[in-house]
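Below is one structure; the comments refer to it alone.
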Amino acid sequence: MNFWLIARNFAAAFLLALLDALTKGRSKGTIIRTPSIIARPDHNISRANISRSALRVLYQLREAGFDAYLVGGGVRDLLLGREPKDFDVVTNAHPEQVKDVFGRNCHLIGRRFRLAHVRSGRDIVEVATFRAIPNEYAVDQETGNGMLLRDNVYGTIEEDALRRDFTVNALYYNIADFSVVDYGSGMADLRAGMLRLLGDPEVRFREDPVRMLRAVRFAAKLGFNIDAASERLMPGMASLMQEVPSARLFDECLKLFHGGQAVETFEKLRHYRLFDWLFPETERCLGEEEEHFPITFVIHGLANTDARIQEDKPVTPAFLFAVLLWEPVRRLAEEYVENDGLDEVLALQQAGSEILTRSLERVAIPKRYSLDMREIWQLQPRFEGRSGKRPQRLLTHPRFRAAYDFLVLRARAGEAEQELADWWTRFQASGEEVQRTMIMPSGEESGRRKRRRRSRGGKKQTPVT
Ligand code: ATP
Ligand code: MG
């Protein structure tokens, strides 16, 4: 190799290293990036698919002389030809300036980072000012793990882009010329069906471990792959979930399991060892088989949630969390019955309280839901009472419908008698006269209760040694 070639390679390497150092100087605010601009003819976002209220807000900001963009899930979903859940607007106008533009239709919210809620028609459109990349990573005193604690400085659009989570979530639709602005590899990743974090995945997960949950959520929702580097990191970094406030994890759980892909999300969460940090009690049960049958109740429950969302039927957090925590509750209650001779209802009451108390440390389920969850659990043994006035009384219980749906799931998972669930299906659909004929003599129903545990596979099997 001659001298000039070596010198040229050396100079090229030096320039690349310099460029790299400059672009990595994120925390000093020295970002040098040239965005790709995808002009209107080269992308598929049509204003016809953007809500009128979001468009109105974008135009008004623009007319007042500010930059205004759509960003996040709205842009991503439009580019994918999906119907967006909502439209988020970002601007270089500071919150007070947004307030000046929209007057009484604008409310500023949030203390740490101020956001504007703009009333537009019947909708509220969220307008955020470009956020800077924080230059202080307040290090958690106890763990020293560099979680992001301060996040409140306004910045440029470039900075705003780089602090977002995935490249496909950092695409901006510019109302000035209807172009799409891409500061990362968003468009290419969108085409490839790839979830790629902006920046170093390890740093980004450490800053905010919820990004691991978001990776799983988007992978299930969009059918995307998580890029290999991030995927490899996730199981090892899953324990960082301990640092996340339990109230935030509750919100994330709703997004994870009420998004219409709960079964797939659940399987992915388990695959990346994340489920363990949300519901450790349940994870412990799922690892074991019972009487040689895998535990399928949670899957049945989540499949049911997905089906209801598909059919536009309502879903409730109480039912969801009752499903997610049932296995440990049922097992502990069984222990109380078998070891301590507790009555079934009392055992469920006690087990329910205990498992809930332990679970709340991770996921802060609000009381209004946990009260309903307990009722759903405690009503289960009452379905076995099919004599006298008991069935009628149960039918009028405010939580009957949820508890009955829960019983149907238990039967589907082979944990309650299918015959029992079918009886209740018929009973509630029948008129009084038929109902009277269905009521059982009191001796017969107690026999059924004893047979309940065997329903998984008919005859009890001998353990394989
Ligand atoms: P969805 O369709 O589920 O609402 P989304 O991408 O809009 O998906 P949001 O939670 O509404 O998700 O967040 C809006 C945008 O804010 C994201 O697209 C992303 O750019 C940014 N964002 C949200 N959460 C984070 C986070 N934890 N870290 C970095 N950026 C985030
Ligand atoms: Mg969104």
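Residue names in the structure tokens use chain letters A, B, ... in the order shown, residue numbers from 1 in each chain, and ligand numbers from 1 in the order shown.
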- Query: Can you list, as a list of chain:residue names, every protein, DNA or RNA residue that comes within 7 Å of range 310-321 of chain A when you count only C-alpha atoms, leaving out same-chain residues fewer than 3 positions away?
  - Reply: A:Gly260, A:Thr305, A:Asp306, A:Ala307, A:Leu324, A:Leu325, A:Tyr369, A:Ser370, A:Asp372, A:Met373, A:Ala402
Can you write out the residues you just picked, keeping N, CA, C and O atoms, as an mmCIF file, in the first residue's frame?
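Final output, saved to part_24.cif:
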data_model
loop_
_atom_site.group_PDB
_atom_site.id
_atom_site.type_symbol
_atom_site.label_atom_id
_atom_site.label_comp_id
_atom_site.auth_asym_id
_atom_site.auth_seq_id
_atom_site.Cartn_x
_atom_site.Cartn_y
_atom_site.Cartn_z
ATOM 1 N N GLY A 260 -55.438 -4.807 22.400
ATOM 2 C CA GLY A 260 -55.978 -5.689 21.366
ATOM 3 C C GLY A 260 -55.057 -6.850 21.004
ATOM 4 O O GLY A 260 -55.440 -7.735 20.244
ATOM 5 N N THR A 305 -60.097 -11.027 26.354
ATOM 6 C CA THR A 305 -59.965 -9.559 26.320
ATOM 7 C C THR A 305 -59.749 -9.087 24.882
ATOM 8 O O THR A 305 -60.388 -8.133 24.425
ATOM 9 N N ASP A 306 -58.847 -9.755 24.168
ATOM 10 C CA ASP A 306 -58.577 -9.386 22.769
ATOM 11 C C ASP A 306 -59.836 -9.496 21.919
ATOM 12 O O ASP A 306 -60.125 -8.622 21.100
ATOM 13 N N ALA A 307 -60.581 -10.592 22.136
ATOM 14 C CA ALA A 307 -61.792 -10.807 21.332
ATOM 15 C C ALA A 307 -62.813 -9.704 21.612
ATOM 16 O O ALA A 307 -63.462 -9.196 20.698
ATOM 17 N N LEU A 324 -55.078 -11.704 35.596
ATOM 18 C CA LEU A 324 -53.615 -11.779 35.696
ATOM 19 C C LEU A 324 -53.143 -12.314 37.048
ATOM 20 O O LEU A 324 -52.078 -12.909 37.148
ATOM 21 N N LEU A 325 -53.944 -12.103 38.088
ATOM 22 C CA LEU A 325 -53.490 -12.530 39.423
ATOM 23 C C LEU A 325 -54.224 -13.754 39.958
ATOM 24 O O LEU A 325 -53.988 -14.181 41.093
ATOM 25 N N TYR A 369 -60.537 -0.569 41.522
ATOM 26 C CA TYR A 369 -60.480 -1.806 40.741
ATOM 27 C C TYR A 369 -60.225 -3.014 41.637
ATOM 28 O O TYR A 369 -60.790 -4.079 41.434
ATOM 29 N N SER A 370 -59.359 -2.841 42.635
ATOM 30 C CA SER A 370 -59.018 -4.013 43.447
ATOM 31 C C SER A 370 -60.225 -4.496 44.259
ATOM 32 O O SER A 370 -60.351 -5.690 44.529
ATOM 33 N N ASP A 372 -63.327 -4.532 43.147
ATOM 34 C CA ASP A 372 -64.075 -5.365 42.196
ATOM 35 C C ASP A 372 -63.372 -6.697 41.954
ATOM 36 O O ASP A 372 -64.009 -7.739 41.811
ATOM 37 N N MET A 373 -62.040 -6.652 41.903
ATOM 38 C CA MET A 373 -61.278 -7.897 41.675
ATOM 39 C C MET A 373 -61.553 -8.913 42.779
ATOM 40 O O MET A 373 -61.803 -10.086 42.527
ATOM 41 N N ALA A 402 -69.479 -10.005 35.700
ATOM 42 C CA ALA A 402 -68.024 -10.170 35.602
ATOM 43 C C ALA A 402 -67.613 -11.516 36.189
ATOM 44 O O ALA A 402 -66.793 -12.239 35.611
#
(message) I'd like the neighbourhood of Gly193 in chain A as a ChimeraX atom specification, where a residue qualifies if any of its atoms comes within 12 Å (using only C-alpha atoms), though same-chain residues fewer than 3 positions away should be ignored.
(response) /A:76,79-80,166-168,185-190,196,218-227
Could you pull out the strand (DSSP E) residues of range 187-401 of chain A, going by DSSP on the backbone, and write them as a PyMOL selection string?
chain A and resi 194-195+225-226
Limited to all heavy atoms, could you put the picked residues into a file as a PDB file, in the first residue's frame?
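Okay, result-v1.pdb is ready:
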ATOM      1  N   MET A 194     -39.019  -2.592  11.654  1.00  0.00           N
ATOM      2  CA  MET A 194     -37.982  -2.714  12.689  1.00  0.00           C
ATOM      3  C   MET A 194     -38.151  -1.657  13.774  1.00  0.00           C
ATOM      4  O   MET A 194     -38.309  -0.475  13.480  1.00  0.00           O
ATOM      5  CB  MET A 194     -36.618  -2.521  11.995  1.00  0.00           C
ATOM      6  CG  MET A 194     -35.429  -2.684  12.890  1.00  0.00           C
ATOM      7  SD  MET A 194     -35.291  -4.357  13.527  1.00  0.00           S
ATOM      8  CE  MET A 194     -34.784  -5.210  12.042  1.00  0.00           C
ATOM      9  N   LEU A 195     -38.110  -2.097  15.025  1.00  0.00           N
ATOM     10  CA  LEU A 195     -38.121  -1.156  16.147  1.00  0.00           C
ATOM     11  C   LEU A 195     -36.686  -0.948  16.587  1.00  0.00           C
ATOM     12  O   LEU A 195     -36.056  -1.875  17.101  1.00  0.00           O
ATOM     13  CB  LEU A 195     -38.934  -1.723  17.301  1.00  0.00           C
ATOM     14  CG  LEU A 195     -40.439  -1.697  17.100  1.00  0.00           C
ATOM     15  CD1 LEU A 195     -41.118  -2.580  18.127  1.00  0.00           C
ATOM     16  CD2 LEU A 195     -40.967  -0.267  17.204  1.00  0.00           C
ATOM     17  N   ASN A 225     -40.233  -6.324  14.327  1.00  0.00           N
ATOM     18  CA  ASN A 225     -39.164  -6.971  15.098  1.00  0.00           C
ATOM     19  C   ASN A 225     -38.436  -5.919  15.924  1.00  0.00           C
ATOM     20  O   ASN A 225     -38.293  -4.775  15.487  1.00  0.00           O
ATOM     21  CB  ASN A 225     -38.138  -7.616  14.159  1.00  0.00           C
ATOM     22  CG  ASN A 225     -38.741  -8.794  13.437  1.00  0.00           C
ATOM     23  OD1 ASN A 225     -39.453  -9.602  14.045  1.00  0.00           O
ATOM     24  ND2 ASN A 225     -38.505  -8.885  12.148  1.00  0.00           N
ATOM     25  N   ILE A 226     -37.964  -6.351  17.072  1.00  0.00           N
ATOM     26  CA  ILE A 226     -37.130  -5.452  17.878  1.00  0.00           C
ATOM     27  C   ILE A 226     -35.706  -5.674  17.391  1.00  0.00           C
ATOM     28  O   ILE A 226     -35.292  -6.824  17.190  1.00  0.00           O
ATOM     29  CB  ILE A 226     -37.243  -5.806  19.379  1.00  0.00           C
ATOM     30  CG1 ILE A 226     -38.708  -5.716  19.809  1.00  0.00           C
ATOM     31  CG2 ILE A 226     -36.361  -4.901  20.229  1.00  0.00           C
ATOM     32  CD1 ILE A 226     -38.987  -6.252  21.199  1.00  0.00           C
TER      33      ILE A 226
END
Closest atom pairs, chain A residues within 10 Å of ligand 2, only C-alpha atoms and all ligand atoms, as a Markdown table:
| residue | atom | partner | partner_atom_place_in_ligand_line | distance |
| --- | --- | --- | --- | --- |
| A:Val71 | CA | ligand 2 | 1 (Mg) | 8.9 |
| A:Gly72 | CA | ligand 2 | 1 (Mg) | 6.4 |
| A:Gly73 | CA | ligand 2 | 1 (Mg) | 4.8 |
| A:Gly74 | CA | ligand 2 | 1 (Mg) | 6.5 |
| A:Val75 | CA | ligand 2 | 1 (Mg) | 9.6 |
| A:Arg76 | CA | ligand 2 | 1 (Mg) | 9.8 |
| A:Asp77 | CA | ligand 2 | 1 (Mg) | 9.7 |
| A:Pro84 | CA | ligand 2 | 1 (Mg) | 8.0 |
| A:Lys85 | CA | ligand 2 | 1 (Mg) | 6.3 |
| A:Asp86 | CA | ligand 2 | 1 (Mg) | 5.5 |
| A:Phe87 | CA | ligand 2 | 1 (Mg) | 6.7 |
| A:Asp88 | CA | ligand 2 | 1 (Mg) | 6.8 |
| A:Asn169 | CA | ligand 2 | 1 (Mg) | 9.4 |
Write the selection just made, keeping N, CA, C and O atoms, as a tab-separated table (two decimals), in the first residue's frame?
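Saved result, out.tsv, follows:
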chain	number	residue	atom	x	y	z
A	71	VAL	N	-46.38	14.44	15.33
A	71	VAL	CA	-45.25	13.54	15.63
A	71	VAL	C	-45.75	12.30	16.35
A	71	VAL	O	-46.90	12.25	16.82
A	72	GLY	N	-44.89	11.31	16.44
A	72	GLY	CA	-45.19	10.13	17.27
A	72	GLY	C	-46.07	9.11	16.57
A	72	GLY	O	-46.05	8.98	15.34
A	73	GLY	N	-46.89	8.43	17.39
A	73	GLY	CA	-47.70	7.32	16.89
A	73	GLY	C	-48.62	7.70	15.73
A	73	GLY	O	-48.87	6.88	14.85
A	74	GLY	N	-49.11	8.95	15.75
A	74	GLY	CA	-50.02	9.39	14.70
A	74	GLY	C	-49.35	9.31	13.33
A	74	GLY	O	-49.90	8.75	12.38
A	75	VAL	N	-48.14	9.88	13.24
A	75	VAL	CA	-47.40	9.89	11.96
A	75	VAL	C	-47.02	8.46	11.56
A	75	VAL	O	-47.21	8.04	10.42
A	76	ARG	N	-46.51	7.72	12.54
A	76	ARG	CA	-46.10	6.33	12.30
A	76	ARG	C	-47.28	5.52	11.73
A	76	ARG	O	-47.15	4.85	10.70
A	77	ASP	N	-48.43	5.63	12.38
A	77	ASP	CA	-49.57	4.82	11.96
A	77	ASP	C	-50.11	5.27	10.59
A	77	ASP	O	-50.51	4.43	9.79
A	84	PRO	N	-54.66	6.05	13.22
A	84	PRO	CA	-53.98	6.47	14.45
A	84	PRO	C	-54.94	6.57	15.63
A	84	PRO	O	-56.12	6.84	15.46
A	85	LYS	N	-54.37	6.32	16.83
A	85	LYS	CA	-55.15	6.43	18.06
A	85	LYS	C	-55.38	7.91	18.39
A	85	LYS	O	-56.45	8.30	18.77
A	86	ASP	N	-54.31	8.67	18.26
A	86	ASP	CA	-54.42	10.11	18.51
A	86	ASP	C	-53.32	10.86	17.74
A	86	ASP	O	-52.43	10.24	17.18
A	87	PHE	N	-53.46	12.18	17.75
A	87	PHE	CA	-52.49	13.00	17.03
A	87	PHE	C	-51.81	13.95	18.01
A	87	PHE	O	-52.49	14.74	18.67
A	88	ASP	N	-50.50	13.86	18.11
A	88	ASP	CA	-49.77	14.77	18.98
A	88	ASP	C	-49.11	15.85	18.14
A	88	ASP	O	-48.52	15.56	17.09
A	169	ASN	N	-40.90	6.32	15.82
A	169	ASN	CA	-41.73	7.24	16.60
A	169	ASN	C	-41.18	8.67	16.52
A	169	ASN	O	-41.69	9.55	17.20
message: Please list as a list of chain:residue names every residue within 7 Å of range 40-50 of chain A, counting only C-alpha atoms and excluding residues in the same chain fewer than 6 positions away.
response: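 Once the nearby chain positions are removed, what remains is A:Leu78, A:Leu79, A:Phe178, A:Ser179.
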Practice task
Could you tell me, as a count of residues only, which residues of range 335-419 of chain A DSSP assigns to alpha helix (DSSP H) when given the backbone?
Solution key: 56
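Between Arg410 in chain A and the residues A:Val98, A:Leu249, A:Ala228, A:Ile295, the shortest atom-to-atom distance, using only C-alpha atoms, involves A:Ile295.
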The distance between CA of Ala170 in chain A and atom 23 (C, counted along the ligand's line) of ligand 1 is 9.8 Å
From A:Glu96, A:Glu63, A:Glu375, A:Glu433, residue lying nearest His117 in chain A [only C-alpha atoms]:
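With only C-alpha atoms as the atom set, the closest residue is A:Glu96.
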Atom 26 (C, counted along the ligand's line) of ligand 1 sits from CA of Asp208 in chain A at a separation of 6.9 Å
Just how far from CA of Leu302 in chain A is CA of Lys255 in chain A, in Å to one decimal?
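Separation between CA of Lys255 in chain A and CA of Leu302 in chain A: 13.2 Å.
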